[in-house]
file model.txt (compact mmCIF, C-alpha atoms and all ligand atoms)
# COMPACT_ATOMS: atom_id res chain seq x y z
CA MET F 1 -54.96 43.16 -41.58
CA GLU F 2 -53.00 45.71 -39.62
CA PRO F 3 -49.67 46.46 -41.35
CA GLN F 4 -46.42 47.06 -39.47
CA ARG F 5 -45.28 50.71 -39.19
CA ILE F 6 -43.60 50.62 -42.59
CA ASP F 7 -44.66 54.19 -43.35
CA ALA F 8 -43.15 55.53 -40.09
CA PRO F 9 -41.22 58.77 -40.74
CA LEU F 10 -37.51 59.02 -41.42
CA THR F 11 -35.86 59.74 -38.07
CA ARG F 12 -32.54 61.09 -36.84
CA SER F 13 -31.33 57.65 -35.84
CA ALA F 14 -31.85 54.08 -37.05
CA THR F 15 -30.39 50.66 -36.38
CA PHE F 16 -30.40 47.98 -39.06
CA LEU F 17 -30.02 44.59 -37.44
CA VAL F 18 -29.66 41.44 -39.56
CA LEU F 19 -29.67 38.12 -37.69
CA SER F 20 -29.34 34.45 -38.55
CA VAL F 21 -31.31 31.74 -36.80
CA THR F 22 -29.08 29.25 -34.95
CA ASP F 23 -29.65 25.50 -34.71
CA LYS F 24 -30.31 25.59 -30.94
CA PRO F 25 -33.23 23.23 -30.14
CA ASP F 26 -35.63 25.97 -29.04
CA ALA F 27 -34.50 28.62 -31.53
CA ILE F 28 -37.66 28.70 -33.64
CA LYS F 29 -39.92 28.67 -30.58
CA THR F 30 -38.02 31.59 -29.05
CA ILE F 31 -38.16 33.55 -32.31
CA ARG F 32 -41.90 32.99 -32.72
CA SER F 33 -42.68 34.17 -29.21
CA THR F 34 -40.35 37.19 -29.57
CA LEU F 35 -41.91 38.22 -32.89
CA ALA F 36 -45.39 37.73 -31.43
CA SER F 37 -44.53 40.14 -28.63
CA ILE F 38 -42.70 42.70 -30.78
CA SER F 39 -45.53 45.26 -30.74
CA GLY F 40 -45.65 45.10 -26.91
CA LEU F 41 -41.88 45.51 -26.75
CA SER F 42 -42.06 48.48 -29.14
CA LYS F 43 -44.79 50.09 -27.02
CA ASN F 44 -42.74 49.74 -23.85
CA VAL F 45 -39.83 51.61 -25.38
CA ALA F 46 -41.86 54.10 -27.44
CA PHE F 47 -43.85 55.20 -24.41
CA ARG F 48 -40.75 56.48 -22.66
CA ASP F 49 -40.69 59.43 -25.08
CA LEU F 50 -43.79 59.67 -27.20
CA GLY F 51 -42.30 62.55 -29.17
CA ALA F 52 -39.36 60.44 -30.35
CA SER F 53 -41.22 58.59 -33.18
CA PHE F 54 -40.03 55.12 -32.21
CA ALA F 55 -40.87 52.32 -34.64
CA CYS F 56 -39.55 48.87 -35.42
CA THR F 57 -40.26 46.83 -38.54
CA VAL F 58 -39.48 43.12 -38.70
CA GLY F 59 -38.59 41.22 -41.87
CA ILE F 60 -38.36 37.44 -42.26
CA GLY F 61 -36.10 35.81 -44.86
CA ASP F 62 -36.92 33.13 -47.43
CA ASP F 63 -34.90 30.37 -45.77
CA VAL F 64 -36.74 30.48 -42.42
CA TRP F 65 -40.17 31.69 -43.55
CA ASP F 66 -41.82 28.24 -43.37
CA ARG F 67 -40.30 27.30 -40.01
CA VAL F 68 -40.92 30.66 -38.34
CA THR F 69 -44.45 31.34 -39.60
CA GLY F 70 -45.89 27.97 -40.68
CA LEU F 71 -48.00 30.05 -43.07
CA PRO F 72 -48.26 30.27 -46.88
CA ARG F 73 -45.23 31.90 -48.49
CA PRO F 74 -45.49 35.40 -49.96
CA ALA F 75 -45.77 34.86 -53.72
CA GLU F 76 -42.54 36.61 -54.74
CA LEU F 77 -40.34 35.79 -51.72
CA HIS F 78 -36.94 34.35 -52.70
CA PRO F 79 -33.33 35.05 -51.72
CA PHE F 80 -31.59 38.20 -52.97
CA PRO F 81 -30.28 37.38 -56.47
CA VAL F 82 -26.65 38.16 -57.33
CA VAL F 83 -26.73 40.84 -60.04
CA LYS F 84 -23.52 40.70 -62.04
CA GLY F 85 -22.76 43.55 -64.36
CA ALA F 86 -19.66 43.88 -66.55
CA THR F 87 -17.94 46.03 -63.91
CA HIS F 88 -19.88 45.84 -60.62
CA THR F 89 -21.70 43.08 -58.76
CA ALA F 90 -24.60 43.22 -56.31
CA VAL F 91 -23.62 40.50 -53.84
CA SER F 92 -26.13 38.26 -52.06
CA THR F 93 -25.43 37.71 -48.35
CA PRO F 94 -27.11 35.70 -45.57
CA GLY F 95 -29.74 36.91 -43.11
CA ASP F 96 -32.92 35.36 -41.68
CA LEU F 97 -34.39 38.25 -39.68
CA LEU F 98 -34.24 42.01 -40.18
CA PHE F 99 -35.07 44.57 -37.50
CA HIS F 100 -35.36 48.12 -38.84
CA ILE F 101 -35.36 50.17 -35.65
CA ARG F 102 -35.90 53.94 -35.84
CA SER F 103 -36.32 56.88 -33.53
CA GLU F 104 -35.44 60.52 -33.17
CA ARG F 105 -33.37 59.37 -30.20
CA ARG F 106 -30.42 57.03 -30.47
CA ASP F 107 -30.95 55.83 -26.88
CA LEU F 108 -34.44 54.50 -27.68
CA CYS F 109 -33.05 52.47 -30.59
CA PHE F 110 -30.31 51.19 -28.30
CA GLU F 111 -32.72 50.27 -25.49
CA PHE F 112 -35.10 48.42 -27.82
CA GLU F 113 -32.23 46.46 -29.35
CA ARG F 114 -30.92 45.57 -25.89
CA GLN F 115 -34.30 44.21 -24.76
CA LEU F 116 -34.77 42.42 -28.09
CA MET F 117 -31.38 40.68 -27.93
CA ASP F 118 -32.13 39.62 -24.34
CA LEU F 119 -35.31 37.91 -25.54
CA LEU F 120 -33.69 36.27 -28.56
CA GLY F 121 -30.65 35.02 -26.63
CA ASP F 122 -28.84 32.15 -28.36
CA ALA F 123 -31.67 31.62 -30.86
CA VAL F 124 -29.85 34.04 -33.19
CA SER F 125 -26.40 35.11 -34.26
CA VAL F 126 -25.64 38.61 -35.52
CA VAL F 127 -24.84 38.92 -39.22
CA ASP F 128 -24.67 42.71 -39.31
CA GLU F 129 -25.57 45.65 -37.12
CA THR F 130 -25.40 49.11 -38.70
CA VAL F 131 -26.19 52.30 -36.85
CA GLY F 132 -27.33 55.10 -39.14
CA PHE F 133 -27.70 58.80 -38.49
CA ARG F 134 -29.30 61.79 -40.14
CA TYR F 135 -26.77 63.95 -41.96
CA PHE F 136 -27.87 67.59 -42.20
CA ASP F 137 -31.02 68.00 -44.35
CA VAL F 138 -31.44 64.24 -44.99
CA ARG F 139 -28.28 64.02 -47.11
CA ASP F 140 -26.28 60.90 -47.89
CA LEU F 141 -22.52 61.02 -47.40
CA LEU F 142 -22.11 61.78 -51.11
CA GLY F 143 -23.69 65.12 -50.17
CA PHE F 144 -27.08 64.71 -51.90
CA VAL F 145 -30.55 64.89 -50.35
CA ASP F 146 -31.71 61.25 -50.32
CA GLY F 147 -35.34 60.15 -50.21
CA THR F 148 -37.09 63.02 -52.00
CA ALA F 149 -38.89 60.92 -54.62
CA ASN F 150 -40.45 58.66 -51.99
CA PRO F 151 -44.21 58.28 -52.24
CA VAL F 152 -46.09 60.31 -49.61
CA GLY F 153 -49.63 60.33 -48.22
CA PRO F 154 -52.36 57.93 -49.32
CA VAL F 155 -50.29 56.44 -52.18
CA VAL F 156 -47.69 55.01 -49.78
CA HIS F 157 -49.77 51.97 -48.87
CA ASP F 158 -50.45 51.32 -52.53
CA SER F 159 -46.71 51.25 -53.29
CA VAL F 160 -45.54 49.19 -50.32
CA LEU F 161 -48.32 46.88 -49.10
CA VAL F 162 -49.26 43.61 -50.75
CA ALA F 163 -53.04 43.56 -51.32
CA ALA F 164 -55.62 41.29 -52.98
CA GLU F 165 -53.09 39.96 -55.54
CA ASP F 166 -51.69 37.71 -52.77
CA SER F 167 -54.39 37.70 -50.11
CA THR F 168 -52.62 35.49 -47.53
CA SER F 169 -49.70 37.96 -47.48
CA ALA F 170 -51.87 41.10 -47.59
CA GLY F 171 -50.67 43.97 -45.41
CA GLY F 172 -47.05 42.85 -45.74
CA SER F 173 -44.17 44.29 -47.75
CA TYR F 174 -41.01 43.03 -49.44
CA VAL F 175 -37.85 44.59 -47.99
CA VAL F 176 -34.42 44.69 -49.61
CA VAL F 177 -31.29 45.91 -47.83
CA GLN F 178 -27.79 46.63 -49.12
CA LYS F 179 -24.96 48.08 -47.09
CA TYR F 180 -22.85 50.32 -49.35
CA VAL F 181 -19.45 51.83 -48.60
CA HIS F 182 -18.29 54.88 -50.53
CA ASP F 183 -14.91 55.88 -51.89
CA LEU F 184 -15.33 59.47 -50.77
CA LYS F 185 -11.81 60.45 -51.71
CA SER F 186 -12.46 59.74 -55.39
CA TRP F 187 -16.01 61.12 -55.25
CA ARG F 188 -14.69 64.42 -53.93
CA THR F 189 -12.37 64.81 -56.94
CA LEU F 190 -15.44 65.15 -59.20
CA PRO F 191 -16.77 68.65 -59.83
CA ALA F 192 -20.31 69.19 -58.52
CA GLU F 193 -21.79 69.17 -62.06
CA LYS F 194 -20.39 65.67 -62.70
CA GLN F 195 -21.78 64.44 -59.39
CA GLU F 196 -25.15 65.99 -60.22
CA ALA F 197 -25.23 64.25 -63.61
CA ILE F 198 -24.53 60.92 -61.88
CA ILE F 199 -27.33 61.35 -59.34
CA GLY F 200 -29.82 63.19 -61.58
CA ARG F 201 -30.47 66.08 -59.17
CA THR F 202 -28.70 69.31 -58.29
CA LYS F 203 -26.64 69.13 -55.13
CA LEU F 204 -27.49 72.33 -53.27
CA GLU F 205 -31.16 72.77 -54.13
CA ASN F 206 -32.06 69.15 -54.92
CA ILE F 207 -33.74 70.04 -58.22
CA GLU F 208 -34.46 67.12 -60.54
CA LEU F 209 -32.51 67.10 -63.85
CA SER F 210 -34.12 65.91 -67.09
CA ASP F 211 -33.55 62.31 -68.18
CA ALA F 212 -30.87 61.80 -70.82
CA SER F 213 -32.48 61.21 -74.22
CA SER F 214 -29.99 58.39 -74.97
CA GLY F 215 -26.76 56.83 -73.66
CA GLN F 216 -25.62 57.09 -70.05
CA GLN F 217 -28.49 57.63 -67.61
CA SER F 218 -28.45 59.08 -64.11
CA HIS F 219 -29.12 57.09 -60.93
CA LYS F 220 -32.53 58.71 -60.68
CA SER F 221 -33.48 57.62 -64.23
CA LEU F 222 -32.12 54.09 -63.83
CA ALA F 223 -34.12 53.69 -60.61
CA THR F 224 -37.38 54.76 -62.25
CA ILE F 225 -39.39 51.69 -63.20
CA GLU F 226 -42.34 51.50 -65.56
CA ASP F 227 -44.28 48.32 -66.31
CA GLU F 228 -45.37 47.26 -69.80
CA ASN F 229 -48.44 49.52 -69.54
CA GLY F 230 -46.32 52.57 -68.82
CA VAL F 231 -47.33 52.62 -65.13
CA GLU F 232 -44.53 53.85 -62.83
CA HIS F 233 -43.93 51.81 -59.66
CA ASP F 234 -42.53 53.61 -56.62
CA ILE F 235 -40.77 52.03 -53.66
CA LEU F 236 -40.28 53.47 -50.17
CA ARG F 237 -36.64 54.10 -49.20
CA ASP F 238 -35.41 54.82 -45.68
CA ASN F 239 -31.67 55.00 -46.47
CA MET F 240 -29.36 56.23 -43.73
CA PRO F 241 -25.71 57.31 -43.68
CA PHE F 242 -23.36 55.42 -41.38
CA GLY F 243 -19.64 55.34 -40.82
CA SER F 244 -16.61 56.45 -38.89
CA PRO F 245 -14.20 59.10 -40.18
CA ALA F 246 -11.50 57.74 -37.86
CA SER F 247 -11.58 54.34 -39.53
CA GLY F 248 -12.20 55.75 -42.99
CA GLU F 249 -15.64 54.16 -43.30
CA PHE F 250 -18.32 56.16 -45.14
CA GLY F 251 -21.53 54.41 -46.12
CA THR F 252 -25.15 54.42 -47.12
CA TYR F 253 -27.44 51.72 -45.77
CA PHE F 254 -30.00 51.18 -48.52
CA ILE F 255 -33.39 49.85 -47.43
CA GLY F 256 -36.32 49.66 -49.83
CA TYR F 257 -39.88 48.53 -49.12
CA SER F 258 -42.12 47.45 -51.98
CA ARG F 259 -45.44 45.78 -52.69
CA ARG F 260 -43.68 44.10 -55.63
CA LEU F 261 -40.26 42.56 -55.19
CA TRP F 262 -39.68 42.57 -58.95
CA VAL F 263 -39.65 46.38 -58.95
CA ILE F 264 -36.60 46.58 -56.65
CA GLU F 265 -34.89 43.75 -58.55
CA LYS F 266 -35.47 45.60 -61.81
CA MET F 267 -33.86 48.72 -60.29
CA LEU F 268 -30.83 46.65 -59.32
CA GLU F 269 -30.54 45.19 -62.82
CA ARG F 270 -30.70 48.63 -64.38
CA MET F 271 -28.12 49.95 -61.92
CA PHE F 272 -25.62 47.08 -62.10
CA ILE F 273 -26.03 45.79 -65.67
CA GLY F 274 -27.02 49.15 -67.11
CA GLU F 275 -29.67 50.43 -69.48
CA PRO F 276 -28.56 50.04 -72.20
CA PRO F 277 -26.45 47.12 -70.86
CA GLY F 278 -22.86 48.21 -70.26
CA LEU F 279 -23.79 51.71 -69.15
CA HIS F 280 -24.12 50.96 -65.43
CA ASP F 281 -25.09 53.45 -62.74
CA ARG F 282 -21.95 55.52 -62.13
CA ILE F 283 -22.86 55.83 -58.45
CA LEU F 284 -21.38 52.31 -58.33
CA ASN F 285 -17.92 53.56 -59.35
CA PHE F 286 -17.87 55.20 -55.91
CA SER F 287 -20.14 52.87 -53.91
CA THR F 288 -19.67 49.14 -53.24
CA PRO F 289 -22.37 46.94 -51.71
CA LEU F 290 -21.00 44.71 -48.94
CA THR F 291 -24.34 42.98 -48.36
CA GLY F 292 -27.59 42.23 -50.17
CA THR F 293 -30.51 40.48 -48.49
CA THR F 294 -34.25 40.18 -49.09
CA PHE F 295 -36.98 39.80 -46.46
CA PHE F 296 -40.75 39.95 -46.18
CA ALA F 297 -42.21 42.20 -43.49
CA PRO F 298 -45.57 40.55 -42.75
CA SER F 299 -48.55 42.36 -41.24
CA ALA F 300 -48.51 43.17 -37.53
CA SER F 301 -51.53 40.88 -37.17
CA LEU F 302 -49.55 37.95 -38.60
CA LEU F 303 -46.66 38.62 -36.21
CA ARG F 304 -49.01 38.70 -33.22
CA SER F 305 -50.50 35.35 -34.22
CA LEU F 306 -47.14 33.54 -34.16
CA ASP F 307 -47.50 32.51 -30.52
CA SER F 308 -50.72 30.63 -31.13
CA ASN F 309 -50.52 28.92 -34.55
C1 LIG F 401 -33.05 58.31 -55.87
C2 LIG F 401 -28.88 57.99 -53.42
C3 LIG F 401 -28.96 53.16 -53.95
C4 LIG F 401 -33.44 53.49 -55.68
C5 LIG F 401 -31.89 58.64 -55.21
C6 LIG F 401 -31.44 59.98 -54.96
C7 LIG F 401 -30.28 59.88 -54.26
C8 LIG F 401 -29.99 58.49 -54.07
C9 LIG F 401 -29.43 61.04 -53.73
C10 LIG F 401 -32.14 61.26 -55.44
C11 LIG F 401 -33.09 61.81 -54.44
C12 LIG F 401 -34.27 60.94 -54.14
O1 LIG F 401 -35.23 60.90 -54.89
O2 LIG F 401 -34.20 60.25 -53.15
C13 LIG F 401 -28.55 56.65 -53.35
C14 LIG F 401 -27.32 56.14 -52.76
C15 LIG F 401 -27.34 54.78 -52.91
C16 LIG F 401 -28.58 54.44 -53.60
C17 LIG F 401 -26.24 57.01 -52.11
C18 LIG F 401 -26.31 53.77 -52.52
C19 LIG F 401 -25.04 53.92 -52.72
C20 LIG F 401 -30.17 52.83 -54.47
C21 LIG F 401 -30.61 51.49 -54.72
C22 LIG F 401 -31.89 51.58 -55.20
C23 LIG F 401 -32.23 52.99 -55.26
C24 LIG F 401 -29.78 50.23 -54.48
C25 LIG F 401 -32.84 50.51 -55.63
C26 LIG F 401 -32.57 49.22 -55.72
C27 LIG F 401 -33.72 54.83 -55.85
C28 LIG F 401 -35.01 55.32 -56.34
C29 LIG F 401 -34.88 56.71 -56.44
C30 LIG F 401 -33.54 57.03 -55.97
C31 LIG F 401 -36.24 54.51 -56.66
C32 LIG F 401 -35.95 57.70 -56.90
C33 LIG F 401 -35.98 57.80 -58.40
C34 LIG F 401 -37.04 58.79 -58.85
O3 LIG F 401 -36.73 59.98 -58.94
O4 LIG F 401 -38.16 58.35 -59.07
N1 LIG F 401 -30.99 57.75 -54.68
N2 LIG F 401 -29.27 55.60 -53.84
N3 LIG F 401 -31.16 53.72 -54.82
N4 LIG F 401 -32.88 55.87 -55.63
FE1 LIG F 401 -31.06 55.74 -54.81
call {"tool": "encode", "arguments": {"input": "model.txt", "output": "structure tokens"}}
result
Amino acid sequence: MEPQRIDAPLTRSATFLVLSVTDKPDAIKTIRSTLASISGLSKNVAFRDLGASFACTVGIGDDVWDRVTGLPRPAELHPFPVVKGATHTAVSTPGDLLFHIRSERRDLCFEFERQLMDLLGDAVSVVDETVGFRYFDVRDLLGFVDGTANPVGPVVHDSVLVAAEDSTSAGGSYVVVQKYVHDLKSWRTLPAEKQEAIIGRTKLENIELSDASSGQQSHKSLATIEDENGVEHDILRDNMPFGSPASGEFGTYFIGYSRRLWVIEKMLERMFIGEPPGLHDRILNFSTPLTGTTFFAPSASLLRSLDSN
């Protein structure tokens, strides 16, 4: 099973495109043939600048999985659950297809999306399109370096790709996206030390702070997940800043890939409900999710087969 390019590097530019399938008579047929040809389409665009690290990952949502693939369902695939804490809520929003398009060059992302939308035509309607950019040394708009704790090297596949535990979905990955907007005005009123305690790392040098021994925990601690055997489970995040100072929009597009959907859901519970419950992640006092959607990014081999089965 050849996986999609889930472990492609973080780039200067990315487009996050979430689409819904329409009820046009040929919609499913069009989507299957487009997804089957996605690696060819990617090659066409990537080849125009081989140094620009172009990659596109496709995710398919729970609601259309059966119709689009006609194949067994990934064991954990289900819609994004609403996570309601005492103060903040992770909303669940629609979306049948996700295209995570990345490149060092914004024009390559644009060109790929243009050709893709031409192929999909009226088979889809756009739910959300977010264009992200690299901000200095991979910082989010809160000013912190974002992505440091990602797995690297040989352990990446172990963290993100489904394997023998669900053999018909092997080589695929669960993907969760949330589009957050920040209240930067309030965030900026906090002294750097307060911000650092919220994130769990120093701002300038990105040095990890120790976990709190009790009480309020940092974002970093709340997002660290251990199973009942004490084994830590990493996810792969490719978050990007987005926004427009002129319209007062400042955001982080969260995207997490995982071999185990429960790991990301556990992170969300710890962030929104809190651990202990009531002590939610204070990043949420300054960041509101506008969307929340779950997909499964199947193997590239599965996508290629969609024209024939
Ligand atoms: C760590 C920012 C949402 C999961 C971090 C770090 C930053 C950050 C700055 C520390 C550096 C790093 O290791 O990357 C943000 C922002 C978010 C956001 C600005 C949105 C407003 C989320 C969500 C999840 C998540 C929704 C999961 C559902 C993680 C994980 C880590 C992390 C797993 C690494 C923890 C570790 O050190 O092992 N995040 N994050 N983040 N975040 Fe987030």
call {"tool": "closest_atom_pairs", "arguments": {"input": "model.txt", "of": "chain F", "to": "ligand LIG 401 (chain F)", "cutoff": "7 Å", "atoms": "all atoms listed in the file", "output": "JSON lines"}}
result
{"residue": "F:Asp140", "atom": "CA", "partner": "F:LIG401", "partner_atom": "C17", "distance": 5.7}
{"residue": "F:Leu142", "atom": "CA", "partner": "F:LIG401", "partner_atom": "C17", "distance": 6.4}
{"residue": "F:Phe144", "atom": "CA", "partner": "F:LIG401", "partner_atom": "C9", "distance": 4.7}
{"residue": "F:Val145", "atom": "CA", "partner": "F:LIG401", "partner_atom": "C9", "distance": 5.2}
{"residue": "F:Asp146", "atom": "CA", "partner": "F:LIG401", "partner_atom": "O2", "distance": 3.9}
{"residue": "F:Gly147", "atom": "CA", "partner": "F:LIG401", "partner_atom": "O2", "distance": 3.2}
{"residue": "F:Thr148", "atom": "CA", "partner": "F:LIG401", "partner_atom": "O1", "distance": 4.0}
{"residue": "F:Ala149", "atom": "CA", "partner": "F:LIG401", "partner_atom": "O1", "distance": 3.7}
{"residue": "F:Asn150", "atom": "CA", "partner": "F:LIG401", "partner_atom": "O1", "distance": 6.4}
{"residue": "F:Gln178", "atom": "CA", "partner": "F:LIG401", "partner_atom": "C24", "distance": 6.8}
{"residue": "F:Tyr180", "atom": "CA", "partner": "F:LIG401", "partner_atom": "C19", "distance": 5.4}
{"residue": "F:Ile199", "atom": "CA", "partner": "F:LIG401", "partner_atom": "C9", "distance": 6.0}
{"residue": "F:Gly200", "atom": "CA", "partner": "F:LIG401", "partner_atom": "C10", "distance": 6.8}
{"residue": "F:Arg201", "atom": "CA", "partner": "F:LIG401", "partner_atom": "C10", "distance": 6.3}
{"residue": "F:His219", "atom": "CA", "partner": "F:LIG401", "partner_atom": "C1", "distance": 6.5}
{"residue": "F:Lys220", "atom": "CA", "partner": "F:LIG401", "partner_atom": "C33", "distance": 4.2}
{"residue": "F:Ser221", "atom": "CA", "partner": "F:LIG401", "partner_atom": "C33", "distance": 6.3}
{"residue": "F:Ala223", "atom": "CA", "partner": "F:LIG401", "partner_atom": "C31", "distance": 4.6}
{"residue": "F:Thr224", "atom": "CA", "partner": "F:LIG401", "partner_atom": "O4", "distance": 4.9}
{"residue": "F:Asp234", "atom": "CA", "partner": "F:LIG401", "partner_atom": "C31", "distance": 6.4}
{"residue": "F:Ile235", "atom": "CA", "partner": "F:LIG401", "partner_atom": "C31", "distance": 6.0}
{"residue": "F:Thr252", "atom": "CA", "partner": "F:LIG401", "partner_atom": "C18", "distance": 5.6}
{"residue": "F:Phe254", "atom": "CA", "partner": "F:LIG401", "partner_atom": "C3", "distance": 5.9}
{"residue": "F:Gly256", "atom": "CA", "partner": "F:LIG401", "partner_atom": "C25", "distance": 6.8}
{"residue": "F:Ile264", "atom": "CA", "partner": "F:LIG401", "partner_atom": "C26", "distance": 4.9}
{"residue": "F:Glu265", "atom": "CA", "partner": "F:LIG401", "partner_atom": "C26", "distance": 6.6}
{"residue": "F:Met267", "atom": "CA", "partner": "F:LIG401", "partner_atom": "C26", "distance": 4.8}
{"residue": "F:Leu268", "atom": "CA", "partner": "F:LIG401", "partner_atom": "C26", "distance": 4.8}
{"residue": "F:Ile283", "atom": "CA", "partner": "F:LIG401", "partner_atom": "C19", "distance": 6.4}
{"residue": "F:Leu284", "atom": "CA", "partner": "F:LIG401", "partner_atom": "C19", "distance": 6.9}
{"residue": "F:Ser287", "atom": "CA", "partner": "F:LIG401", "partner_atom": "C19", "distance": 5.2}
call {"tool": "closest_residue", "arguments": {"input": "model.txt", "among": "F:Pro289, F:Pro3, F:Gly230, F:Pro298", "to": "F:Leu97", "atoms": "all atoms listed in the file"}}
result
F:Pro298
call {"tool": "residues_around", "arguments": {"input": "model.txt", "residues": "F:Gln216", "least_positions_apart": "3", "cutoff": "8 Å", "atoms": "all atoms listed in the file", "output": "ChimeraX atom specification"}}
result
/F:212,275-276,279-280
call {"tool": "closest_residue", "arguments": {"input": "model.txt", "among": "F:Phe99, F:Gly274, F:Thr93, F:Thr30", "to": "F:Gly215", "atoms": "all atoms listed in the file"}}
result
F:Gly274
call {"tool": "residues_around", "arguments": {"input": "model.txt", "residues": "F:Arg67", "least_positions_apart": "2", "cutoff": "10 Å", "atoms": "all atoms listed in the file", "output": "list of chain:residue names"}}
result
F:Ile28, F:Lys29, F:Arg32, F:Asp63, F:Val64, F:Trp65, F:Thr69, F:Gly70, F:Leu71
call {"tool": "atom_distance", "arguments": {"input": "model.txt", "atom1": "atom CA of F:Asp158", "atom2": "atom CA of F:Ser258"}}
result
9.2 Å
call {"tool": "residues_around", "arguments": {"input": "model.txt", "residues": "F:Ser42", "least_positions_apart": "3", "cutoff": "10 Å", "atoms": "all atoms listed in the file", "output": "ChimeraX atom specification"}}
result
/F:37-39,45-47,54-57,101,108-109,112,115-116
call {"tool": "build_atoms", "arguments": {"input": "model.txt", "residues": "stretch 234-253 of chain F", "atoms": "N, CA and C atoms", "output": "PDB file, in the frame of the given file"}}
result
ATOM      1  N   ASP F 234     -43.408  53.032 -57.637  1.00  0.00           N
ATOM      2  CA  ASP F 234     -42.530  53.610 -56.620  1.00  0.00           C
ATOM      3  C   ASP F 234     -42.211  52.576 -55.548  1.00  0.00           C
ATOM      4  N   ILE F 235     -41.082  52.808 -54.859  1.00  0.00           N
ATOM      5  CA  ILE F 235     -40.770  52.030 -53.660  1.00  0.00           C
ATOM      6  C   ILE F 235     -40.555  53.058 -52.538  1.00  0.00           C
ATOM      7  N   LEU F 236     -40.521  52.570 -51.295  1.00  0.00           N
ATOM      8  CA  LEU F 236     -40.280  53.470 -50.170  1.00  0.00           C
ATOM      9  C   LEU F 236     -38.885  53.207 -49.631  1.00  0.00           C
ATOM     10  N   ARG F 237     -38.023  54.257 -49.669  1.00  0.00           N
ATOM     11  CA  ARG F 237     -36.640  54.100 -49.200  1.00  0.00           C
ATOM     12  C   ARG F 237     -36.424  54.840 -47.886  1.00  0.00           C
ATOM     13  N   ASP F 238     -35.755  54.175 -46.961  1.00  0.00           N
ATOM     14  CA  ASP F 238     -35.410  54.820 -45.680  1.00  0.00           C
ATOM     15  C   ASP F 238     -33.897  54.753 -45.480  1.00  0.00           C
ATOM     16  N   ASN F 239     -33.149  55.070 -46.529  1.00  0.00           N
ATOM     17  CA  ASN F 239     -31.670  55.000 -46.470  1.00  0.00           C
ATOM     18  C   ASN F 239     -31.124  55.855 -45.337  1.00  0.00           C
ATOM     19  N   MET F 240     -30.023  55.423 -44.755  1.00  0.00           N
ATOM     20  CA  MET F 240     -29.360  56.230 -43.730  1.00  0.00           C
ATOM     21  C   MET F 240     -27.856  56.190 -43.950  1.00  0.00           C
ATOM     22  N   PRO F 241     -27.171  57.330 -43.709  1.00  0.00           N
ATOM     23  CA  PRO F 241     -25.710  57.310 -43.680  1.00  0.00           C
ATOM     24  C   PRO F 241     -25.204  56.580 -42.439  1.00  0.00           C
ATOM     25  N   PHE F 242     -24.031  55.992 -42.549  1.00  0.00           N
ATOM     26  CA  PHE F 242     -23.360  55.420 -41.380  1.00  0.00           C
ATOM     27  C   PHE F 242     -21.867  55.572 -41.630  1.00  0.00           C
ATOM     28  N   GLY F 243     -21.084  55.340 -40.582  1.00  0.00           N
ATOM     29  CA  GLY F 243     -19.640  55.340 -40.820  1.00  0.00           C
ATOM     30  C   GLY F 243     -18.853  55.871 -39.656  1.00  0.00           C
ATOM     31  N   SER F 244     -17.549  56.002 -39.908  1.00  0.00           N
ATOM     32  CA  SER F 244     -16.610  56.450 -38.890  1.00  0.00           C
ATOM     33  C   SER F 244     -15.427  57.108 -39.590  1.00  0.00           C
ATOM     34  N   PRO F 245     -15.329  58.430 -39.527  1.00  0.00           N
ATOM     35  CA  PRO F 245     -14.200  59.100 -40.180  1.00  0.00           C
ATOM     36  C   PRO F 245     -12.860  58.558 -39.689  1.00  0.00           C
ATOM     37  N   ALA F 246     -12.778  58.213 -38.396  1.00  0.00           N
ATOM     38  CA  ALA F 246     -11.500  57.740 -37.860  1.00  0.00           C
ATOM     39  C   ALA F 246     -11.039  56.457 -38.536  1.00  0.00           C
ATOM     40  N   SER F 247     -12.008  55.576 -38.864  1.00  0.00           N
ATOM     41  CA  SER F 247     -11.580  54.340 -39.530  1.00  0.00           C
ATOM     42  C   SER F 247     -11.785  54.409 -41.042  1.00  0.00           C
ATOM     43  N   GLY F 248     -12.108  55.585 -41.540  1.00  0.00           N
ATOM     44  CA  GLY F 248     -12.200  55.750 -42.990  1.00  0.00           C
ATOM     45  C   GLY F 248     -13.406  55.056 -43.599  1.00  0.00           C
ATOM     46  N   GLU F 249     -14.450  54.831 -42.786  1.00  0.00           N
ATOM     47  CA  GLU F 249     -15.640  54.160 -43.300  1.00  0.00           C
ATOM     48  C   GLU F 249     -16.749  55.193 -43.523  1.00  0.00           C
ATOM     49  N   PHE F 250     -17.254  55.212 -44.781  1.00  0.00           N
ATOM     50  CA  PHE F 250     -18.320  56.160 -45.140  1.00  0.00           C
ATOM     51  C   PHE F 250     -19.359  55.374 -45.933  1.00  0.00           C
ATOM     52  N   GLY F 251     -20.589  55.295 -45.431  1.00  0.00           N
ATOM     53  CA  GLY F 251     -21.530  54.410 -46.120  1.00  0.00           C
ATOM     54  C   GLY F 251     -22.941  54.936 -46.201  1.00  0.00           C
ATOM     55  N   THR F 252     -23.703  54.236 -47.041  1.00  0.00           N
ATOM     56  CA  THR F 252     -25.150  54.420 -47.120  1.00  0.00           C
ATOM     57  C   THR F 252     -25.780  53.058 -46.913  1.00  0.00           C
ATOM     58  N   TYR F 253     -26.676  52.958 -45.936  1.00  0.00           N
ATOM     59  CA  TYR F 253     -27.440  51.720 -45.770  1.00  0.00           C
ATOM     60  C   TYR F 253     -28.712  51.882 -46.580  1.00  0.00           C
TER      61      TYR F 253
END
